[in-house]
Amino acid sequence: MLSQEEKQIQRAVQEAFPMAEDVDWNEVYQRIIYRYSTPHGLEHVKEEMYKLEDKGEIIIHHIKPYNNPVEAQTLNGSPKKIPTTKLWHHKSCGQCGHIPGYPTSVFWMMNKLEIDYLDEPHQTSCTGWNYHASGASNPVALAGVYVRNMWRAYETGYFPLIHCGTSFGHYKEVRNMIILHKEIRDKLRPIMRKLDMDIVIPEEVVHYSEWLYVMSKKAAHQKKYNLDNIKAAVHTPCHVYKLVPEDTIYDPEVFQGRRPAAPSGTVQNFGAKLVDYSTWWDCCGFGFRHILTEREFSRSFALFKKVIPAVEEGNADIFVTSDTGCVTTLDKSQWAGKAHGFNYNLPVLADAQFAALAMGADPYIIAQIHWHATDVEGFLRKIGVPVDDYKEKFVQYLQDLREGKAEPQYLYPKHRKIDFYLSLPDRVKWYKKDVPK
């Protein structure tokens with residue numbers, strides 16, 4: 001029997017949600033919640049942005065013809081320009097620290113596709129950890145970090161490409177905040193001018209997975225291995241498509257336009273079969289705050305709400321996602337389940353790793369699958385990768401490095417003295433001249 005307090009709660013819920021019993025929540029999730037979850041439409045924000053440019057209040061870093069942009073469709077129907085070359089990489093703290101084969105796969109693919117890019121050594125963290133996990137920052141500080149990084153891209157002439165899903169969503173929110181709130185701009189401007197900078201905002205905030213998606217059909221022409229027999233489950237990162245959701249790109253060819261185009265469309269364009277599962281909408285379990293405070297909850301959630309449905313419902317061979325926290329949580333949580341008898345061992349890869357491996361990237365030197373907790377080697381053998389040969393070569397490479405018989409391999413010319421980078425024109429000139437294709 002319900003207590004008086006429980007009955008009051010039940011009545012309050014029924015009054016607040018009178019149609020709850022009749023609602024198709026799957027339809028709500030797909031059509032309503034993330035379509036209208038921000039107070040200002042993206043079209044309005046962009047309109048205000050161009051007005052501020054006309055008034056001289058901000059500088060817009062425009063996408064130029066030399067960026068070879070591709071137009072994609074967003075959730076609200078507005079076009080979004082995705083630059084495909086001359087790109088400034090805003091790297092991810094977690095990728096570089098926990099999944100190094102993630103950014104190296106992006107760089108490797110750009111080399112293969114002959115993309116002009118700049119791996120900026122002066123980029124800072126977006127401070128997303130501070131924002132999402134501790135709430136200890138403030139709007140002006142967040143805006144300052146964003147503008148400082150965007151200024152670095154602006155003065156090089158290379159357009160920013162954001163690696164981290166959290167940085168991507170966070171920067172879109174900060175962009176909206178700067179554009180819509182004059183008091184933020186008024187406090188931010190004198191800070192930036194002390195640094196000999198000004199308020200600069202990119203015309204679009206672009207995630208690397210969007211770049212990869214619009215390039216995936218071209219990249220798939222260089223595919224080395226056949227993925228036709230591979231069943232792939234996809235997790236689209238929350239911070240990529242649930243923060244400022246109307247900026248997310250969609251494509252009718254990908255789940256009939258009912259899911260974000262990336263990374264599902266990339267997987268599809270490389271020939272793997274997309275499989276569906278009931279908890280596609282759910283968080284991977286990372287969530288920033290609870291990975292710090294309730295880690296066992298995160299591990300359990302990742303296993304029971306994501307991995308098990310992907311295997312049991314979709315019979316997936318691989319789990320593909322496109323954010324640092326998602327790869328880390330879905331991959332590195334499975335050992336906890338194994339300790340309790342849940343030995344699912346579903347390999348987890350970023351879309352960039354997935355695509356690079358399909359194109360013939362070295363599984364150890366480039367994709368660095370040895371950093372993963374799940375057995376990626378089994379998946380690679382299934383598509384025909386000679387794993388043992390690569391492993392033997394990699395072990396020998398490490399041994400030669402230890403004994404001084406080999407030099408480290410670089411995806412672009414290795415960094416020189418730090419003072420060289422402080423001279424901007426020289427640095428950019430060097431990159432233009434020397435970066436390998």
# chains A, B, ... in the order shown; residues from 1 in each chain; ligands from 1
>>> residues_around(residues="Trp151 (chain A)", least_positions_apart="2", cutoff="8 Å", atoms="only C-alpha atoms", output="list in words")
Val147, Arg148, Asn149, Ala153, Tyr154, Glu155, Met197, Asp198, Ile199 and Val200 of chain A
>>> residues_around(residues="Gln396 (chain A)", least_positions_apart="5", cutoff="12 Å", atoms="only C-alpha atoms", output="list of chain:residue names")
A:Tyr364, A:Ile365, A:Asp389, A:Tyr390, A:Lys391, A:Leu401, A:Arg402, A:Glu403, A:Lys405, A:Ala406
>>> closest_residue(among="A:Gly341, A:Pro69, A:Gly128, A:Gly271", to="Leu227 (chain A)", atoms="only C-alpha atoms")
A:Gly271
>>> residues_around(residues="Ser333 (chain A)", least_positions_apart="5", cutoff="7 Å", atoms="only C-alpha atoms", output="PyMOL selection string")
chain A and resi 299+302-303
>>> select_by_dssp(residues="region 134-264 of chain A", states="strand (DSSP E)", output="compact mmCIF listing (two decimals) with C-alpha atoms, in the first residue's frame")
# COMPACT_ATOMS: atom_id res chain seq x y z
CA PHE A 159 39.46 26.74 -40.01
CA PRO A 160 38.93 25.03 -36.62
CA LEU A 161 37.92 21.37 -36.51
CA ILE A 162 36.89 20.18 -33.03
CA VAL A 200 36.33 36.07 -33.01
CA ILE A 201 33.63 33.47 -33.69
CA PRO A 202 33.86 30.81 -36.44
CA LYS A 231 27.30 -5.68 -38.15
CA ALA A 232 28.01 -2.36 -36.48
CA ALA A 233 26.11 -0.75 -33.61
CA VAL A 234 26.57 3.00 -33.27
CA HIS A 235 26.43 5.24 -30.24
CA ILE A 249 23.54 17.28 -39.40
CA TYR A 250 21.10 14.65 -40.70
>>> atom_distance(atom1="CA of Thr156 (chain A)", atom2="CA of His90 (chain A)")
13.2 Å
>>> atom_distance(atom1="CA of Leu75 (chain A)", atom2="CA of Asp247 (chain A)")
6.6 Å
>>> select_by_dssp(residues="region 41-90 of chain A", states="alpha helix (DSSP H)", output="compact mmCIF listing (two decimals) with all heavy atoms, in the first residue's frame")
# COMPACT_ATOMS: atom_id res chain seq x y z
N LEU A 42 18.70 28.20 -34.02
CA LEU A 42 20.02 28.44 -34.60
C LEU A 42 19.98 29.53 -35.66
O LEU A 42 20.92 30.33 -35.78
CB LEU A 42 20.56 27.14 -35.20
CG LEU A 42 22.00 27.17 -35.70
CD1 LEU A 42 22.96 27.44 -34.56
CD2 LEU A 42 22.35 25.87 -36.39
N GLU A 43 18.90 29.60 -36.43
CA GLU A 43 18.79 30.64 -37.44
C GLU A 43 18.82 32.02 -36.80
O GLU A 43 19.44 32.95 -37.32
CB GLU A 43 17.50 30.44 -38.25
CG GLU A 43 17.54 29.24 -39.18
CD GLU A 43 16.24 29.07 -39.96
OE1 GLU A 43 15.24 29.71 -39.59
OE2 GLU A 43 16.25 28.30 -40.93
N HIS A 44 18.15 32.16 -35.66
CA HIS A 44 18.15 33.43 -34.93
C HIS A 44 19.55 33.78 -34.45
O HIS A 44 20.00 34.93 -34.58
CB HIS A 44 17.19 33.36 -33.75
CG HIS A 44 17.28 34.51 -32.80
ND1 HIS A 44 16.91 35.79 -33.15
CD2 HIS A 44 17.74 34.58 -31.52
CE1 HIS A 44 17.11 36.60 -32.12
NE2 HIS A 44 17.62 35.89 -31.13
N VAL A 45 20.26 32.79 -33.90
CA VAL A 45 21.61 33.02 -33.40
C VAL A 45 22.53 33.48 -34.53
O VAL A 45 23.29 34.45 -34.38
CB VAL A 45 22.18 31.74 -32.73
CG1 VAL A 45 23.66 31.90 -32.41
CG2 VAL A 45 21.40 31.40 -31.47
N LYS A 46 22.46 32.81 -35.67
CA LYS A 46 23.33 33.18 -36.80
C LYS A 46 22.96 34.56 -37.34
O LYS A 46 23.84 35.35 -37.73
CB LYS A 46 23.24 32.12 -37.89
CG LYS A 46 23.96 30.83 -37.53
CD LYS A 46 24.05 29.89 -38.71
CE LYS A 46 24.92 28.69 -38.37
NZ LYS A 46 25.03 27.75 -39.51
N GLU A 47 21.68 34.86 -37.37
CA GLU A 47 21.25 36.19 -37.82
C GLU A 47 21.84 37.27 -36.91
O GLU A 47 22.35 38.29 -37.40
CB GLU A 47 19.72 36.25 -37.80
CG GLU A 47 19.15 37.57 -38.30
CD GLU A 47 17.63 37.58 -38.25
OE1 GLU A 47 17.01 36.49 -38.27
OE2 GLU A 47 17.05 38.68 -38.17
N GLU A 48 21.78 37.04 -35.60
CA GLU A 48 22.36 38.00 -34.65
C GLU A 48 23.87 38.08 -34.81
O GLU A 48 24.46 39.15 -34.65
CB GLU A 48 21.99 37.60 -33.23
CG GLU A 48 20.51 37.71 -32.90
CD GLU A 48 20.00 39.14 -33.05
OE1 GLU A 48 20.69 40.07 -32.57
OE2 GLU A 48 18.93 39.32 -33.65
N MET A 49 24.50 36.95 -35.11
CA MET A 49 25.96 36.93 -35.28
C MET A 49 26.39 37.84 -36.43
O MET A 49 27.33 38.62 -36.30
CB MET A 49 26.43 35.48 -35.53
CG MET A 49 27.93 35.34 -35.75
SD MET A 49 28.46 33.60 -35.88
CE MET A 49 27.77 33.15 -37.48
N TYR A 50 25.69 37.76 -37.56
CA TYR A 50 26.04 38.59 -38.71
C TYR A 50 25.74 40.07 -38.44
O TYR A 50 26.45 40.95 -38.94
CB TYR A 50 25.31 38.09 -39.96
CG TYR A 50 25.79 36.74 -40.42
CD1 TYR A 50 24.92 35.65 -40.47
CD2 TYR A 50 27.12 36.54 -40.77
CE1 TYR A 50 25.37 34.40 -40.88
CE2 TYR A 50 27.58 35.29 -41.17
CZ TYR A 50 26.70 34.22 -41.22
OH TYR A 50 27.16 32.98 -41.61
N LYS A 51 24.72 40.34 -37.64
CA LYS A 51 24.44 41.73 -37.26
C LYS A 51 25.59 42.30 -36.43
O LYS A 51 25.99 43.44 -36.61
CB LYS A 51 23.14 41.81 -36.47
CG LYS A 51 21.87 41.61 -37.30
CD LYS A 51 20.64 41.69 -36.40
CE LYS A 51 19.36 41.45 -37.19
NZ LYS A 51 18.16 41.48 -36.31
N LEU A 52 26.09 41.48 -35.50
CA LEU A 52 27.21 41.93 -34.66
C LEU A 52 28.46 42.16 -35.50
O LEU A 52 29.23 43.09 -35.22
CB LEU A 52 27.50 40.89 -33.57
CG LEU A 52 26.42 40.74 -32.48
CD1 LEU A 52 26.77 39.57 -31.55
CD2 LEU A 52 26.26 42.02 -31.67
N GLU A 53 28.65 41.34 -36.52
CA GLU A 53 29.79 41.56 -37.42
C GLU A 53 29.64 42.89 -38.15
O GLU A 53 30.60 43.67 -38.26
CB GLU A 53 29.89 40.42 -38.43
CG GLU A 53 31.08 40.58 -39.39
CD GLU A 53 31.10 39.52 -40.48
OE1 GLU A 53 30.01 39.14 -40.97
OE2 GLU A 53 32.21 39.08 -40.85
N ASP A 54 28.44 43.19 -38.62
CA ASP A 54 28.20 44.44 -39.33
C ASP A 54 28.44 45.65 -38.43
O ASP A 54 28.89 46.71 -38.89
CB ASP A 54 26.77 44.48 -39.87
CG ASP A 54 26.54 43.49 -41.00
OD1 ASP A 54 27.55 43.06 -41.62
OD2 ASP A 54 25.38 43.11 -41.25
N LYS A 55 28.14 45.51 -37.14
CA LYS A 55 28.35 46.59 -36.18
C LYS A 55 29.80 46.70 -35.73
O LYS A 55 30.17 47.64 -35.03
CB LYS A 55 27.47 46.38 -34.95
CG LYS A 55 25.98 46.48 -35.20
CD LYS A 55 25.20 46.17 -33.94
CE LYS A 55 23.69 46.20 -34.16
NZ LYS A 55 22.96 45.81 -32.92
>>> residues_around(residues="His89 (chain A)", least_positions_apart="5", cutoff="10 Å", atoms="only C-alpha atoms", output="PyMOL selection string")
chain A and resi 103+106-107+117-121+123+153+158-163+208
>>> residues_around(residues="Ala310 (chain A)", least_positions_apart="2", cutoff="10 Å", atoms="only C-alpha atoms", output="PDB file with C-alpha atoms, in the first residue's frame")
ATOM      1  CA  ALA A 232      28.007  -2.359 -36.481  1.00  0.00           C
ATOM      2  CA  ALA A 233      26.106  -0.755 -33.606  1.00  0.00           C
ATOM      3  CA  VAL A 234      26.565   2.997 -33.268  1.00  0.00           C
ATOM      4  CA  HIS A 235      26.431   5.242 -30.239  1.00  0.00           C
ATOM      5  CA  VAL A 275      22.154  -2.572 -36.626  1.00  0.00           C
ATOM      6  CA  ASP A 276      19.645  -0.951 -34.308  1.00  0.00           C
ATOM      7  CA  TYR A 277      19.115  -1.485 -30.588  1.00  0.00           C
ATOM      8  CA  SER A 278      16.505  -0.144 -28.166  1.00  0.00           C
ATOM      9  CA  THR A 279      18.792   2.028 -26.024  1.00  0.00           C
ATOM     10  CA  TRP A 280      20.392   3.969 -28.888  1.00  0.00           C
ATOM     11  CA  LEU A 303      27.351  -2.611 -19.820  1.00  0.00           C
ATOM     12  CA  PHE A 304      23.624  -3.117 -19.175  1.00  0.00           C
ATOM     13  CA  LYS A 305      22.180  -0.169 -21.107  1.00  0.00           C
ATOM     14  CA  LYS A 306      24.539  -0.087 -24.098  1.00  0.00           C
ATOM     15  CA  VAL A 307      26.829  -3.084 -24.624  1.00  0.00           C
ATOM     16  CA  ILE A 308      24.379  -5.868 -23.800  1.00  0.00           C
ATOM     17  CA  GLU A 312      21.704  -9.230 -27.688  1.00  0.00           C
ATOM     18  CA  GLU A 313      19.410  -7.167 -29.936  1.00  0.00           C
ATOM     19  CA  GLY A 314      21.710  -6.170 -32.780  1.00  0.00           C
ATOM     20  CA  ASN A 315      24.214  -9.065 -32.783  1.00  0.00           C
ATOM     21  CA  ALA A 316      26.869  -6.402 -33.285  1.00  0.00           C
ATOM     22  CA  ASP A 317      30.457  -7.258 -34.217  1.00  0.00           C
ATOM     23  CA  ILE A 318      31.714  -3.764 -33.385  1.00  0.00           C
ATOM     24  CA  PHE A 319      30.566  -0.704 -31.443  1.00  0.00           C
ATOM     25  CA  LEU A 346      32.273  -6.118 -27.807  1.00  0.00           C
TER      26      LEU A 346
END
>>> residues_around(residues="Leu349 (chain A)", least_positions_apart="5", cutoff="9 Å", atoms="only C-alpha atoms", output="PyMOL selection string")
chain A and resi 102+318-322+327+331+354+369+372+376
>>> write_last_selection(atoms="C-alpha atoms", output="mmCIF file, in the first residue's frame")
data_model
loop_
_atom_site.group_PDB
_atom_site.id
_atom_site.type_symbol
_atom_site.label_atom_id
_atom_site.label_comp_id
_atom_site.auth_asym_id
_atom_site.auth_seq_id
_atom_site.Cartn_x
_atom_site.Cartn_y
_atom_site.Cartn_z
ATOM 1 C CA TYR A 102 42.015 8.227 -32.089
ATOM 2 C CA ILE A 318 31.714 -3.764 -33.385
ATOM 3 C CA PHE A 319 30.566 -0.704 -31.443
ATOM 4 C CA VAL A 320 31.402 2.584 -33.197
ATOM 5 C CA THR A 321 31.153 6.013 -31.609
ATOM 6 C CA SER A 322 32.698 9.471 -32.037
ATOM 7 C CA VAL A 327 34.996 5.241 -26.490
ATOM 8 C CA ASP A 331 35.534 0.023 -24.078
ATOM 9 C CA PHE A 354 37.182 2.238 -37.797
ATOM 10 C CA ILE A 369 44.453 -0.803 -30.546
ATOM 11 C CA HIS A 372 41.920 -0.693 -25.788
ATOM 12 C CA VAL A 376 39.850 -5.436 -31.282
#
>>> residues_around(residues="His170 (chain A)", least_positions_apart="3", cutoff="9 Å", atoms="only C-alpha atoms", output="mmCIF file with N, CA, C and O atoms, in the first residue's frame")
data_model
loop_
_atom_site.group_PDB
_atom_site.id
_atom_site.type_symbol
_atom_site.label_atom_id
_atom_site.label_comp_id
_atom_site.auth_asym_id
_atom_site.auth_seq_id
_atom_site.Cartn_x
_atom_site.Cartn_y
_atom_site.Cartn_z
ATOM 1 N N CYS A 126 39.487 23.057 -23.619
ATOM 2 C CA CYS A 126 38.271 23.871 -23.670
ATOM 3 C C CYS A 126 37.722 24.127 -22.281
ATOM 4 O O CYS A 126 36.796 24.915 -22.116
ATOM 5 N N GLY A 128 36.079 21.958 -20.605
ATOM 6 C CA GLY A 128 34.796 21.282 -20.488
ATOM 7 C C GLY A 128 34.674 20.434 -19.229
ATOM 8 O O GLY A 128 33.593 20.302 -18.663
ATOM 9 N N TYR A 131 33.542 22.736 -16.612
ATOM 10 C CA TYR A 131 32.162 23.166 -16.847
ATOM 11 C C TYR A 131 31.163 22.059 -16.508
ATOM 12 O O TYR A 131 30.208 22.277 -15.762
ATOM 13 N N HIS A 132 31.376 20.866 -17.041
ATOM 14 C CA HIS A 132 30.400 19.792 -16.884
ATOM 15 C C HIS A 132 30.572 19.005 -15.587
ATOM 16 O O HIS A 132 29.594 18.482 -15.050
ATOM 17 N N GLY A 165 33.816 15.682 -28.556
ATOM 18 C CA GLY A 165 32.382 15.933 -28.597
ATOM 19 C C GLY A 165 31.937 16.925 -27.544
ATOM 20 O O GLY A 165 31.050 17.753 -27.784
ATOM 21 N N THR A 166 32.557 16.861 -26.376
ATOM 22 C CA THR A 166 32.200 17.805 -25.317
ATOM 23 C C THR A 166 32.650 19.212 -25.672
ATOM 24 O O THR A 166 31.915 20.183 -25.476
ATOM 25 N N SER A 167 33.866 19.356 -26.202
ATOM 26 C CA SER A 167 34.318 20.676 -26.658
ATOM 27 C C SER A 167 33.358 21.216 -27.714
ATOM 28 O O SER A 167 33.006 22.403 -27.714
ATOM 29 N N GLU A 173 27.385 26.082 -27.222
ATOM 30 C CA GLU A 173 26.654 26.784 -26.172
ATOM 31 C C GLU A 173 27.317 28.126 -25.852
ATOM 32 O O GLU A 173 26.635 29.149 -25.675
ATOM 33 N N VAL A 174 28.655 28.126 -25.772
ATOM 34 C CA VAL A 174 29.369 29.362 -25.468
ATOM 35 C C VAL A 174 29.205 30.362 -26.604
ATOM 36 O O VAL A 174 29.027 31.565 -26.381
ATOM 37 N N ARG A 175 29.264 29.891 -27.847
ATOM 38 C CA ARG A 175 29.032 30.775 -28.995
ATOM 39 C C ARG A 175 27.681 31.465 -28.878
ATOM 40 O O ARG A 175 27.567 32.694 -29.032
ATOM 41 N N HIS A 239 26.870 14.774 -26.143
ATOM 42 C CA HIS A 239 27.329 16.160 -26.246
ATOM 43 C C HIS A 239 27.475 16.605 -27.695
ATOM 44 O O HIS A 239 27.586 17.794 -27.962
ATOM 45 N N LEU A 243 23.403 18.813 -27.329
ATOM 46 C CA LEU A 243 23.704 20.203 -26.969
ATOM 47 C C LEU A 243 23.581 21.044 -28.241
ATOM 48 O O LEU A 243 24.251 20.762 -29.234
#
>>> closest_residue(among="A:Pro413, A:Asp116, A:Ser105, A:Lys187", to="Val140 (chain A)", atoms="only C-alpha atoms")
A:Lys187
>>> atom_distance(atom1="CA of Pro237 (chain A)", atom2="CA of Gln268 (chain A)")
17.4 Å
>>> closest_residue(among="A:Arg381, A:Lys80, A:His221, A:Lys194", to="Asn269 (chain A)", atoms="only C-alpha atoms")
A:His221
